[in-house]
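Engineer: The structure file protein37.cif (mmCIF, C-alpha atoms; chains and numbers go by the auth columns) is provided below.
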```
data_run
loop_
_atom_site.group_PDB
_atom_site.id
_atom_site.type_symbol
_atom_site.label_atom_id
_atom_site.label_comp_id
_atom_site.label_asym_id
_atom_site.label_seq_id
_atom_site.Cartn_x
_atom_site.Cartn_y
_atom_site.Cartn_z
_atom_site.B_iso_or_equiv
_atom_site.auth_seq_id
_atom_site.auth_asym_id
ATOM 1 C CA MET A 1 -198.044 -66.816 -81.639 0.00 101 F
ATOM 2 C CA THR A 2 -201.252 -67.600 -79.728 0.00 102 F
ATOM 3 C CA VAL A 3 -203.004 -70.792 -80.792 0.00 103 F
ATOM 4 C CA ARG A 4 -206.151 -72.578 -79.658 0.00 104 F
ATOM 5 C CA ALA A 5 -204.998 -75.630 -77.752 0.00 105 F
ATOM 6 C CA ASN A 6 -207.272 -78.494 -78.747 0.00 106 F
ATOM 7 C CA SER A 7 -205.925 -80.790 -76.054 0.00 107 F
ATOM 8 C CA VAL A 8 -206.484 -78.198 -73.344 0.00 108 F
ATOM 9 C CA ASP A 9 -209.965 -77.311 -74.569 0.00 109 F
ATOM 10 C CA CYS A 10 -210.883 -81.008 -74.730 0.00 110 F
ATOM 11 C CA LEU A 11 -209.722 -81.548 -71.159 0.00 111 F
ATOM 12 C CA LEU A 12 -211.613 -78.484 -70.004 0.00 112 F
ATOM 13 C CA ARG A 13 -214.810 -79.450 -71.763 0.00 113 F
ATOM 14 C CA LEU A 14 -214.664 -83.028 -70.535 0.00 114 F
ATOM 15 C CA ARG A 15 -214.347 -81.685 -67.021 0.00 115 F
ATOM 16 C CA LEU A 16 -217.276 -79.325 -67.541 0.00 116 F
ATOM 17 C CA LYS A 17 -219.547 -81.662 -69.486 0.00 117 F
ATOM 18 C CA VAL A 18 -221.901 -82.670 -66.707 0.00 118 F
ATOM 19 C CA ILE A 19 -222.267 -79.175 -65.312 0.00 119 F
ATOM 20 C CA LEU A 20 -222.492 -77.203 -68.509 0.00 120 F
ATOM 21 C CA THR A 21 -224.933 -79.509 -70.256 0.00 121 F
ATOM 22 C CA THR A 22 -227.362 -78.698 -67.460 0.00 122 F
ATOM 23 C CA SER A 23 -226.710 -75.072 -68.472 0.00 123 F
ATOM 24 C CA VAL A 24 -224.492 -72.506 -66.836 0.00 124 F
ATOM 25 C CA ARG A 25 -226.881 -69.895 -68.170 0.00 125 F
ATOM 26 C CA ARG A 26 -228.771 -68.116 -65.451 0.00 126 F
ATOM 27 C CA SER A 27 -232.468 -68.319 -64.780 0.00 127 F
ATOM 28 C CA SER A 28 -234.961 -66.061 -66.520 0.00 128 F
ATOM 29 C CA ILE A 29 -236.374 -64.264 -63.482 0.00 129 F
ATOM 30 C CA PRO A 30 -236.754 -60.641 -64.615 0.00 130 F
ATOM 31 C CA VAL A 31 -234.707 -57.907 -62.950 0.00 131 F
ATOM 32 C CA PRO A 32 -236.357 -54.477 -63.285 0.00 132 F
ATOM 33 C CA ARG A 33 -234.417 -51.427 -64.407 0.00 133 F
ATOM 34 C CA ILE A 34 -233.075 -48.965 -61.866 0.00 134 F
ATOM 35 C CA SER A 35 -234.618 -45.824 -63.315 0.00 135 F
ATOM 36 C CA ARG A 36 -237.753 -44.296 -61.845 0.00 136 F
ATOM 37 C CA GLN A 37 -239.280 -46.348 -59.018 0.00 137 F
ATOM 38 C CA TYR A 38 -237.383 -49.588 -59.542 0.00 138 F
ATOM 39 C CA GLY A 39 -234.511 -51.201 -57.673 0.00 139 F
ATOM 40 C CA SER A 40 -231.642 -53.167 -59.189 0.00 140 F
ATOM 41 C CA GLU A 41 -232.572 -56.650 -58.033 0.00 141 F
ATOM 42 C CA GLY A 42 -236.234 -57.276 -58.788 0.00 142 F
ATOM 43 C CA THR A 43 -238.400 -59.531 -56.670 0.00 143 F
ATOM 44 C CA GLY A 44 -236.383 -62.716 -56.797 0.00 144 F
ATOM 45 C CA LYS A 45 -232.909 -64.122 -56.920 0.00 145 F
ATOM 46 C CA THR A 46 -231.453 -64.128 -60.419 0.00 146 F
ATOM 47 C CA HIS A 47 -229.203 -67.179 -60.189 0.00 147 F
ATOM 48 C CA HIS A 48 -230.230 -70.647 -58.979 0.00 148 F
ATOM 49 C CA TYR A 49 -227.955 -73.596 -58.282 0.00 149 F
ATOM 50 C CA THR A 50 -229.238 -77.126 -57.802 0.00 150 F
ATOM 51 C CA MET A 51 -227.848 -79.419 -55.115 0.00 151 F
ATOM 52 C CA LYS A 52 -226.343 -81.536 -57.873 0.00 152 F
ATOM 53 C CA LYS A 53 -224.338 -78.595 -59.170 0.00 153 F
ATOM 54 C CA PHE A 54 -223.279 -77.713 -55.641 0.00 154 F
ATOM 55 C CA LEU A 55 -221.971 -81.213 -54.956 0.00 155 F
ATOM 56 C CA LEU A 56 -220.142 -81.337 -58.284 0.00 156 F
ATOM 57 C CA LEU A 57 -218.502 -77.993 -57.674 0.00 157 F
ATOM 58 C CA THR A 58 -217.549 -78.977 -54.119 0.00 158 F
ATOM 59 C CA PHE A 59 -215.947 -82.174 -55.382 0.00 159 F
ATOM 60 C CA PHE A 60 -214.065 -80.277 -58.078 0.00 160 F
ATOM 61 C CA ALA A 61 -212.795 -77.675 -55.618 0.00 161 F
ATOM 62 C CA ALA A 62 -211.634 -80.364 -53.200 0.00 162 F
ATOM 63 C CA THR A 63 -209.655 -82.277 -55.801 0.00 163 F
ATOM 64 C CA THR A 64 -207.939 -79.515 -57.794 0.00 164 F
ATOM 65 C CA LEU A 65 -205.425 -76.728 -57.216 0.00 165 F
ATOM 66 C CA HIS A 66 -206.493 -73.606 -55.401 0.00 166 F
ATOM 67 C CA LEU A 67 -206.335 -70.848 -58.008 0.00 167 F
ATOM 68 C CA SER A 68 -207.981 -67.828 -56.442 0.00 168 F
ATOM 69 C CA ALA A 69 -204.722 -65.873 -56.475 0.00 169 F
ATOM 70 C CA GLN A 70 -204.119 -66.583 -60.162 0.00 170 F
ATOM 71 C CA SER A 71 -207.677 -66.243 -61.452 0.00 171 F
ATOM 72 C CA GLU A 72 -209.003 -62.906 -62.654 0.00 172 F
ATOM 73 C CA VAL A 73 -212.433 -61.660 -61.643 0.00 173 F
ATOM 74 C CA THR A 74 -215.015 -60.119 -63.953 0.00 174 F
ATOM 75 C CA LYS A 75 -214.068 -56.609 -65.054 0.00 175 F
ATOM 76 C CA PHE A 76 -216.159 -53.631 -66.068 0.00 176 F
ATOM 77 C CA LEU A 77 -214.234 -51.057 -68.127 0.00 177 F
ATOM 78 C CA GLY A 78 -211.057 -52.697 -66.856 0.00 178 F
ATOM 79 C CA ILE A 79 -212.133 -52.340 -63.208 0.00 179 F
ATOM 80 C CA PRO A 80 -212.472 -55.589 -61.206 0.00 180 F
ATOM 81 C CA VAL A 81 -216.024 -56.232 -60.016 0.00 181 F
ATOM 82 C CA ASP A 82 -214.789 -56.626 -56.464 0.00 182 F
ATOM 83 C CA GLY A 83 -213.854 -54.633 -53.367 0.00 183 F
ATOM 84 C CA THR A 84 -216.063 -52.096 -51.636 0.00 184 F
ATOM 85 C CA LYS A 85 -218.937 -50.176 -53.165 0.00 185 F
ATOM 86 C CA SER A 86 -217.420 -46.803 -52.307 0.00 186 F
ATOM 87 C CA ALA A 87 -214.118 -47.709 -53.960 0.00 187 F
ATOM 88 C CA MET A 88 -215.920 -48.933 -57.085 0.00 188 F
ATOM 89 C CA ILE A 89 -217.959 -45.731 -57.305 0.00 189 F
ATOM 90 C CA GLU A 90 -214.816 -43.604 -57.098 0.00 190 F
ATOM 91 C CA LYS A 91 -213.140 -45.646 -59.837 0.00 191 F
ATOM 92 C CA LEU A 92 -216.172 -45.261 -62.068 0.00 192 F
ATOM 93 C CA LYS A 93 -216.269 -41.519 -61.421 0.00 193 F
ATOM 94 C CA ALA A 94 -212.662 -41.419 -62.604 0.00 194 F
ATOM 95 C CA LYS A 95 -213.938 -42.995 -65.836 0.00 195 F
ATOM 96 C CA GLY A 96 -216.327 -40.075 -66.332 0.00 196 F
ATOM 97 C CA PHE A 97 -219.522 -41.287 -64.658 0.00 197 F
ATOM 98 C CA THR A 98 -221.370 -38.895 -62.362 0.00 198 F
ATOM 99 C CA TRP A 99 -223.654 -39.429 -59.369 0.00 199 F
ATOM 100 C CA ASN A 100 -227.392 -38.976 -59.937 0.00 200 F
ATOM 101 C CA ALA A 101 -228.842 -38.172 -56.521 0.00 201 F
ATOM 102 C CA ARG A 102 -232.451 -38.559 -57.665 0.00 202 F
ATOM 103 C CA GLN A 103 -231.928 -42.079 -59.014 0.00 203 F
ATOM 104 C CA GLU A 104 -229.286 -42.887 -56.374 0.00 204 F
ATOM 105 C CA CYS A 105 -226.956 -44.317 -58.979 0.00 205 F
ATOM 106 C CA LEU A 106 -224.243 -43.350 -61.427 0.00 206 F
ATOM 107 C CA GLU A 107 -224.933 -42.227 -64.962 0.00 207 F
ATOM 108 C CA GLY A 108 -222.867 -41.621 -68.067 0.00 208 F
ATOM 109 C CA GLU A 109 -221.968 -43.086 -71.442 0.00 209 F
ATOM 110 C CA PHE A 110 -221.135 -46.737 -72.007 0.00 210 F
ATOM 111 C CA ASN A 111 -220.590 -48.465 -75.348 0.00 211 F
ATOM 112 C CA GLY A 112 -222.084 -45.475 -77.165 0.00 212 F
ATOM 113 C CA GLU A 113 -225.259 -45.342 -75.051 0.00 213 F
ATOM 114 C CA ASP A 114 -226.491 -43.125 -72.225 0.00 214 F
ATOM 115 C CA VAL A 115 -226.904 -45.419 -69.230 0.00 215 F
ATOM 116 C CA TYR A 116 -227.490 -45.700 -65.516 0.00 216 F
ATOM 117 C CA LEU A 117 -225.102 -47.772 -63.367 0.00 217 F
ATOM 118 C CA ARG A 118 -225.786 -49.366 -60.014 0.00 218 F
ATOM 119 C CA ILE A 119 -223.357 -51.308 -57.847 0.00 219 F
ATOM 120 C CA VAL A 120 -224.722 -54.388 -56.075 0.00 220 F
ATOM 121 C CA THR A 121 -222.915 -55.877 -53.074 0.00 221 F
ATOM 122 C CA ASN A 122 -222.980 -58.945 -50.867 0.00 222 F
ATOM 123 C CA ASN A 123 -221.450 -58.751 -47.375 0.00 223 F
ATOM 124 C CA GLY A 124 -219.732 -55.497 -48.293 0.00 224 F
ATOM 125 C CA LYS A 125 -218.118 -56.821 -51.491 0.00 225 F
ATOM 126 C CA VAL A 126 -219.140 -55.785 -54.998 0.00 226 F
ATOM 127 C CA ARG A 127 -220.688 -58.702 -56.858 0.00 227 F
ATOM 128 C CA ARG A 128 -222.442 -56.948 -59.759 0.00 228 F
ATOM 129 C CA VAL A 129 -222.277 -53.874 -61.929 0.00 229 F
ATOM 130 C CA PHE A 130 -225.762 -53.340 -63.334 0.00 230 F
ATOM 131 C CA VAL A 131 -226.033 -51.257 -66.534 0.00 231 F
ATOM 132 C CA VAL A 132 -229.395 -50.117 -67.936 0.00 232 F
ATOM 133 C CA ASP A 133 -230.335 -47.919 -70.891 0.00 233 F
ATOM 134 C CA LYS A 134 -231.382 -44.439 -69.866 0.00 234 F
ATOM 135 C CA TYR A 135 -233.863 -44.101 -72.721 0.00 235 F
ATOM 136 C CA ASN A 136 -236.494 -46.537 -73.948 0.00 236 F
ATOM 137 C CA ARG A 137 -236.862 -47.785 -77.522 0.00 237 F
ATOM 138 C CA SER A 138 -239.533 -49.152 -79.798 0.00 238 F
ATOM 139 C CA GLU A 139 -239.774 -52.881 -80.538 0.00 239 F
ATOM 140 C CA GLY A 140 -237.978 -52.494 -83.846 0.00 240 F
ATOM 141 C CA GLN A 141 -235.219 -50.406 -82.298 0.00 241 F
ATOM 142 C CA ILE A 142 -234.658 -52.814 -79.404 0.00 242 F
ATOM 143 C CA ARG A 143 -234.322 -55.722 -81.832 0.00 243 F
ATOM 144 C CA ILE A 144 -231.522 -53.866 -83.597 0.00 244 F
ATOM 145 C CA ARG A 145 -229.839 -52.934 -80.311 0.00 245 F
ATOM 146 C CA PHE A 146 -230.043 -56.495 -78.969 0.00 246 F
ATOM 147 C CA ASN A 147 -228.644 -57.980 -82.178 0.00 247 F
ATOM 148 C CA ASN A 148 -225.842 -55.414 -82.271 0.00 248 F
ATOM 149 C CA LEU A 149 -224.826 -56.417 -78.740 0.00 249 F
ATOM 150 C CA VAL A 150 -224.862 -60.102 -79.699 0.00 250 F
ATOM 151 C CA SER A 151 -222.610 -59.332 -82.669 0.00 251 F
ATOM 152 C CA GLN A 152 -220.222 -57.282 -80.518 0.00 252 F
ATOM 153 C CA PHE A 153 -219.876 -60.017 -77.897 0.00 253 F
ATOM 154 C CA GLU A 154 -219.438 -62.738 -80.505 0.00 254 F
ATOM 155 C CA ARG A 155 -216.612 -60.798 -82.181 0.00 255 F
ATOM 156 C CA ASN A 156 -214.845 -59.996 -78.918 0.00 256 F
ATOM 157 C CA ASP A 157 -212.062 -62.487 -78.082 0.00 257 F
ATOM 158 C CA LYS A 158 -212.561 -61.830 -74.352 0.00 258 F
ATOM 159 C CA TYR A 159 -215.929 -63.577 -74.367 0.00 259 F
ATOM 160 C CA GLU A 160 -217.184 -67.106 -74.892 0.00 260 F
ATOM 161 C CA GLN A 161 -220.617 -68.590 -74.442 0.00 261 F
ATOM 162 C CA PRO A 162 -220.917 -70.772 -71.304 0.00 262 F
ATOM 163 C CA SER A 163 -222.132 -73.784 -73.233 0.00 263 F
ATOM 164 C CA LEU A 164 -220.809 -76.851 -74.987 0.00 264 F
ATOM 165 C CA PHE A 165 -223.194 -76.009 -77.814 0.00 265 F
ATOM 166 C CA PRO A 166 -223.097 -72.235 -78.565 0.00 266 F
ATOM 167 C CA GLN A 167 -226.431 -70.652 -79.376 0.00 267 F
ATOM 168 C CA ASP A 168 -227.429 -68.126 -81.969 0.00 268 F
ATOM 169 C CA TYR A 169 -228.962 -65.358 -79.842 0.00 269 F
ATOM 170 C CA THR A 170 -229.818 -63.179 -82.860 0.00 270 F
ATOM 171 C CA LEU A 171 -233.470 -62.154 -83.090 0.00 271 F
ATOM 172 C CA SER A 172 -235.069 -62.667 -86.479 0.00 272 F
ATOM 173 C CA ASP A 173 -237.095 -59.945 -88.182 0.00 273 F
ATOM 174 C CA ASP A 174 -240.304 -61.943 -87.750 0.00 274 F
ATOM 175 C CA GLU A 175 -239.871 -62.441 -83.990 0.00 275 F
ATOM 176 C CA ASP A 176 -242.875 -60.802 -82.292 0.00 276 F
ATOM 177 C CA ILE A 177 -241.167 -59.538 -79.143 0.00 277 F
ATOM 178 C CA SER A 178 -244.235 -57.820 -77.685 0.00 278 F
ATOM 179 C CA TYR A 179 -246.480 -60.848 -78.153 0.00 279 F
ATOM 180 C CA GLU A 180 -243.946 -63.319 -76.799 0.00 280 F
ATOM 181 C CA MET A 181 -243.199 -61.236 -73.700 0.00 281 F
ATOM 182 C CA THR A 182 -246.882 -60.538 -73.029 0.00 282 F
ATOM 183 C CA VAL A 183 -248.477 -63.903 -73.773 0.00 283 F
ATOM 184 C CA HIS A 184 -245.637 -66.350 -73.067 0.00 284 F
ATOM 185 C CA SER A 185 -243.572 -64.275 -70.596 0.00 285 F
ATOM 186 C CA LYS A 186 -240.575 -64.978 -72.820 0.00 286 F
ATOM 187 C CA GLN A 187 -237.243 -63.600 -71.686 0.00 287 F
ATOM 188 C CA TYR A 188 -234.791 -62.379 -74.322 0.00 288 F
ATOM 189 C CA GLN A 189 -231.283 -62.692 -72.929 0.00 289 F
ATOM 190 C CA ALA A 190 -227.765 -63.717 -73.909 0.00 290 F
ATOM 191 C CA SER A 191 -225.020 -65.016 -71.594 0.00 291 F
ATOM 192 C CA TYR A 192 -221.246 -64.879 -71.961 0.00 292 F
ATOM 193 C CA CYS A 193 -218.136 -65.428 -69.855 0.00 293 F
ATOM 194 C CA GLN A 194 -215.063 -63.215 -69.635 0.00 294 F
ATOM 195 C CA MET A 195 -212.198 -65.587 -70.362 0.00 295 F
ATOM 196 C CA PRO A 196 -208.455 -65.398 -69.634 0.00 296 F
ATOM 197 C CA GLN A 197 -206.250 -64.419 -72.544 0.00 297 F
ATOM 198 C CA LYS A 198 -205.632 -67.309 -74.914 0.00 298 F
ATOM 199 C CA ARG A 199 -202.108 -68.648 -74.650 0.00 299 F
ATOM 200 C CA ASP A 200 -199.753 -70.808 -76.685 0.00 300 F
ATOM 201 C CA VAL A 201 -199.791 -74.050 -74.727 0.00 301 F
ATOM 202 C CA ASP A 202 -197.239 -75.886 -76.872 0.00 302 F
ATOM 203 C CA SER A 203 -194.438 -74.640 -74.661 0.00 303 F
ATOM 204 C CA MET A 204 -196.290 -75.235 -71.371 0.00 304 F
ATOM 205 C CA SER A 205 -195.402 -77.918 -68.898 0.00 305 F
ATOM 206 C CA ASP A 206 -198.114 -80.353 -67.832 0.00 306 F
ATOM 207 C CA GLU A 207 -198.543 -78.422 -64.594 0.00 307 F
ATOM 208 C CA GLU A 208 -198.948 -75.130 -66.494 0.00 308 F
ATOM 209 C CA LYS A 209 -201.499 -76.717 -68.800 0.00 309 F
ATOM 210 C CA GLU A 210 -203.495 -77.962 -65.826 0.00 310 F
ATOM 211 C CA MET A 211 -203.338 -74.484 -64.307 0.00 311 F
ATOM 212 C CA TYR A 212 -204.556 -72.951 -67.567 0.00 312 F
ATOM 213 C CA VAL A 213 -207.430 -75.428 -67.792 0.00 313 F
ATOM 214 C CA GLN A 214 -208.565 -74.595 -64.286 0.00 314 F
ATOM 215 C CA GLN A 215 -208.267 -70.853 -64.883 0.00 315 F
ATOM 216 C CA ARG A 216 -210.575 -71.228 -67.866 0.00 316 F
ATOM 217 C CA TYR A 217 -212.943 -73.367 -65.800 0.00 317 F
ATOM 218 C CA ASP A 218 -212.958 -70.740 -63.058 0.00 318 F
ATOM 219 C CA ALA A 219 -213.788 -68.017 -65.596 0.00 319 F
ATOM 220 C CA LEU A 220 -216.618 -70.068 -67.107 0.00 320 F
ATOM 221 C CA MET A 221 -218.208 -70.525 -63.690 0.00 321 F
ATOM 222 C CA ASN A 222 -217.609 -67.074 -62.189 0.00 322 F
ATOM 223 C CA ASN A 223 -216.927 -64.324 -64.756 0.00 323 F
ATOM 224 C CA ILE A 224 -220.441 -63.932 -66.097 0.00 324 F
ATOM 225 C CA VAL A 225 -221.621 -61.094 -68.342 0.00 325 F
ATOM 226 C CA TRP A 226 -225.163 -61.256 -69.651 0.00 326 F
ATOM 227 C CA PHE A 227 -227.815 -58.945 -71.004 0.00 327 F
ATOM 228 C CA ARG A 228 -231.558 -58.972 -71.573 0.00 328 F
ATOM 229 C CA ILE A 229 -234.445 -56.951 -72.932 0.00 329 F
ATOM 230 C CA GLY A 230 -236.542 -55.138 -70.345 0.00 330 F
ATOM 231 C CA ARG A 231 -239.973 -53.626 -70.885 0.00 331 F
ATOM 232 C CA ASP A 232 -241.932 -50.557 -69.802 0.00 332 F
ATOM 233 C CA ILE A 233 -245.471 -51.071 -71.156 0.00 333 F
ATOM 234 C CA ASN A 234 -244.884 -50.817 -74.921 0.00 334 F
ATOM 235 C CA GLU A 235 -241.298 -49.565 -74.804 0.00 335 F
ATOM 236 C CA TYR A 236 -238.074 -51.496 -74.292 0.00 336 F
ATOM 237 C CA TYR A 237 -234.552 -51.141 -72.933 0.00 337 F
ATOM 238 C CA ILE A 238 -231.402 -53.224 -72.436 0.00 338 F
ATOM 239 C CA CYS A 239 -229.961 -54.333 -69.091 0.00 339 F
ATOM 240 C CA ILE A 240 -226.372 -55.611 -68.937 0.00 340 F
ATOM 241 C CA TYR A 241 -225.006 -57.433 -65.883 0.00 341 F
ATOM 242 C CA TYR A 242 -221.328 -57.816 -65.030 0.00 342 F
ATOM 243 C CA ASP A 243 -221.353 -60.492 -62.329 0.00 343 F
ATOM 244 C CA ASN A 244 -218.578 -61.751 -60.080 0.00 344 F
ATOM 245 C CA GLU A 245 -220.034 -65.037 -58.886 0.00 345 F
ATOM 246 C CA ARG A 246 -217.261 -65.459 -56.300 0.00 346 F
ATOM 247 C CA ASN A 247 -218.938 -62.701 -54.292 0.00 347 F
ATOM 248 C CA HIS A 248 -222.483 -63.918 -54.855 0.00 348 F
ATOM 249 C CA ALA A 249 -224.396 -65.084 -51.785 0.00 349 F
ATOM 250 C CA GLN A 250 -223.872 -68.813 -51.249 0.00 350 F
ATOM 251 C CA GLY A 251 -226.118 -69.164 -48.208 0.00 351 F
ATOM 252 C CA GLU A 252 -223.478 -68.059 -45.734 0.00 352 F
ATOM 253 C CA ASP A 253 -225.962 -65.780 -43.959 0.00 353 F
ATOM 254 C CA LEU A 254 -228.573 -68.476 -43.414 0.00 354 F
#
```
With the file now loaded, output its structure as structure tokens.
Structural biologist:
Amino acid sequence: MTVRANSVDCLLRLRLKVILTTSVRRSSIPVPRISRQYGSEGTGKTHHYTMKKFLLLTFFAATTLHLSAQSEVTKFLGIPVDGTKSAMIEKLKAKGFTWNARQECLEGEFNGEDVYLRIVTNNGKVRRVFVVDKYNRSEGQIRIRFNNLVSQFERNDKYEQPSLFPQDYTLSDDEDISYEMTVHSKQYQASYCQMPQKRDVDSMSDEEKEMYVQQRYDALMNNIVWFRIGRDINEYYICIYYDNERNHAQGEDL
């Protein structure tokens, strides 16, 4: 029987306290949709790391076991967000997606919605699968869609919020999305992490427990799945991002 290991979770959260309380959630820089004239990345970098975070992560990596072989990367439809772009495209075609030459991306059905897919790479390795609604919605409809996604992620055992203090991402009926986005440039987004399968730690050795803790830590820092509301004038759509932070640019090309 699988149980939640309080001792393991406590150790993990103690180890993450400094980093996560400064928020593992990504910045709110908007990333335009891929349909029509837009690209997949927007005008700025989506994720920002402070020097403090960098030093903390470097210290952690230098003083713990190397787990890259054991850790799982973010997956989209069971496919690792990794490897070459061409290989990823072929795997997605095998899932039923087709190539849209006009949009220069894949399209198909995902989670009951018609969507576009674009693969984003860094140094030849896939680091993101970018999913965007094919059709726009009204403000009322996008509120329902956003809240449905929040509910689906919250009920899915594969996902946890990357925070010591989980948030309620649900949008209330009186939230004026149009006003907030127009006047206050508010970004509506929700962030989650794909976590390793929960295990019964009672029978684990101390070394196995430490390994499990670090695998969970690795997932919290690298297996990021988040979504946001995008806008086209007075219509709205959802963007979902499956990110493998291991392949994200870390300044190696500077």
Engineer: If you apply the PyMOL selection byres ((chain F and resi 271) around 10) to this file, what residues do you get, as an NGL selection string?
Structural biologist: :F and (243-244 or 246-247 or 250 or 268-270 or 272-277 or 288)
Engineer: Could you check which of F:Gln289, F:Trp199, F:Tyr337, F:Arg346 is closest to F:Glu213, using all atoms listed in the file?
Structural biologist: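 For F:Glu213, the nearest of the given residues is F:Tyr337.
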Engineer: Find, counting only C-alpha atoms, the residue in F:Ile242, F:Ile338, F:Leu206, F:Ile189 that gets nearest to F:Ser278.
Structural biologist: F:Ile242
Engineer: Work out how far apart atom CA of F:Tyr235 and atom CA of F:Cys293 are and give it in Å to one decimal.
Structural biologist: 26.7 Å
Engineer: Translate the PyMOL selection byres ((chain F and resi 305-316) around 6), as applied to the file shown, into an explicit residue set as a PDB file with C-alpha atoms, in the frame of the given file.
Structural biologist:
```pdb
ATOM      1  CA  LEU F 112    -211.613 -78.484 -70.004  1.00  0.00           C
ATOM      2  CA  SER F 171    -207.677 -66.243 -61.452  1.00  0.00           C
ATOM      3  CA  MET F 304    -196.290 -75.235 -71.371  1.00  0.00           C
ATOM      4  CA  TYR F 317    -212.943 -73.367 -65.800  1.00  0.00           C
ATOM      5  CA  ASP F 318    -212.958 -70.740 -63.058  1.00  0.00           C
ATOM      6  CA  ALA F 319    -213.788 -68.017 -65.596  1.00  0.00           C
TER       7      ALA F 319
END
```
Engineer: Pick out the closest residue to F:Arg237 from this set: F:Ile340, F:Ala201, F:Ile329, F:Ala290. Count all atoms listed in the file.
Structural biologist: F:Ile329
Engineer: If I take atom CA of F:Ala187 and atom CA of F:Asn322, how far is one from the other in Å, to one decimal?
Structural biologist: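 Atom CA of F:Asn322 lies at a distance of 21.3 Å from atom CA of F:Ala187.
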Engineer: Using all atoms listed in the file, which of F:Arg245, F:Lys195, F:Arg228, F:Arg202 sits nearest F:Thr174?
Structural biologist: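 Among the listed residues, the smallest separation from F:Thr174 belongs to F:Arg228.
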Engineer: Quick one: axis-aligned box around all listed atoms of stretch 201-213 of chain F, 8 Å on every side, centre and edge lengths in Å to one decimal, written as JSON.
Structural biologist:
```
{"center_x": -226.5, "center_y": -43.3, "center_z": -66.8, "size_x": 27.9, "size_y": 26.3, "size_z": 36.8}
```
Engineer: By how many Å are atom CA of F:Gly240 and atom CA of F:Gln287 apart?
Structural biologist: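 About the pair atom CA of F:Gly240 and atom CA of F:Gln287: they are 16.5 Å apart.
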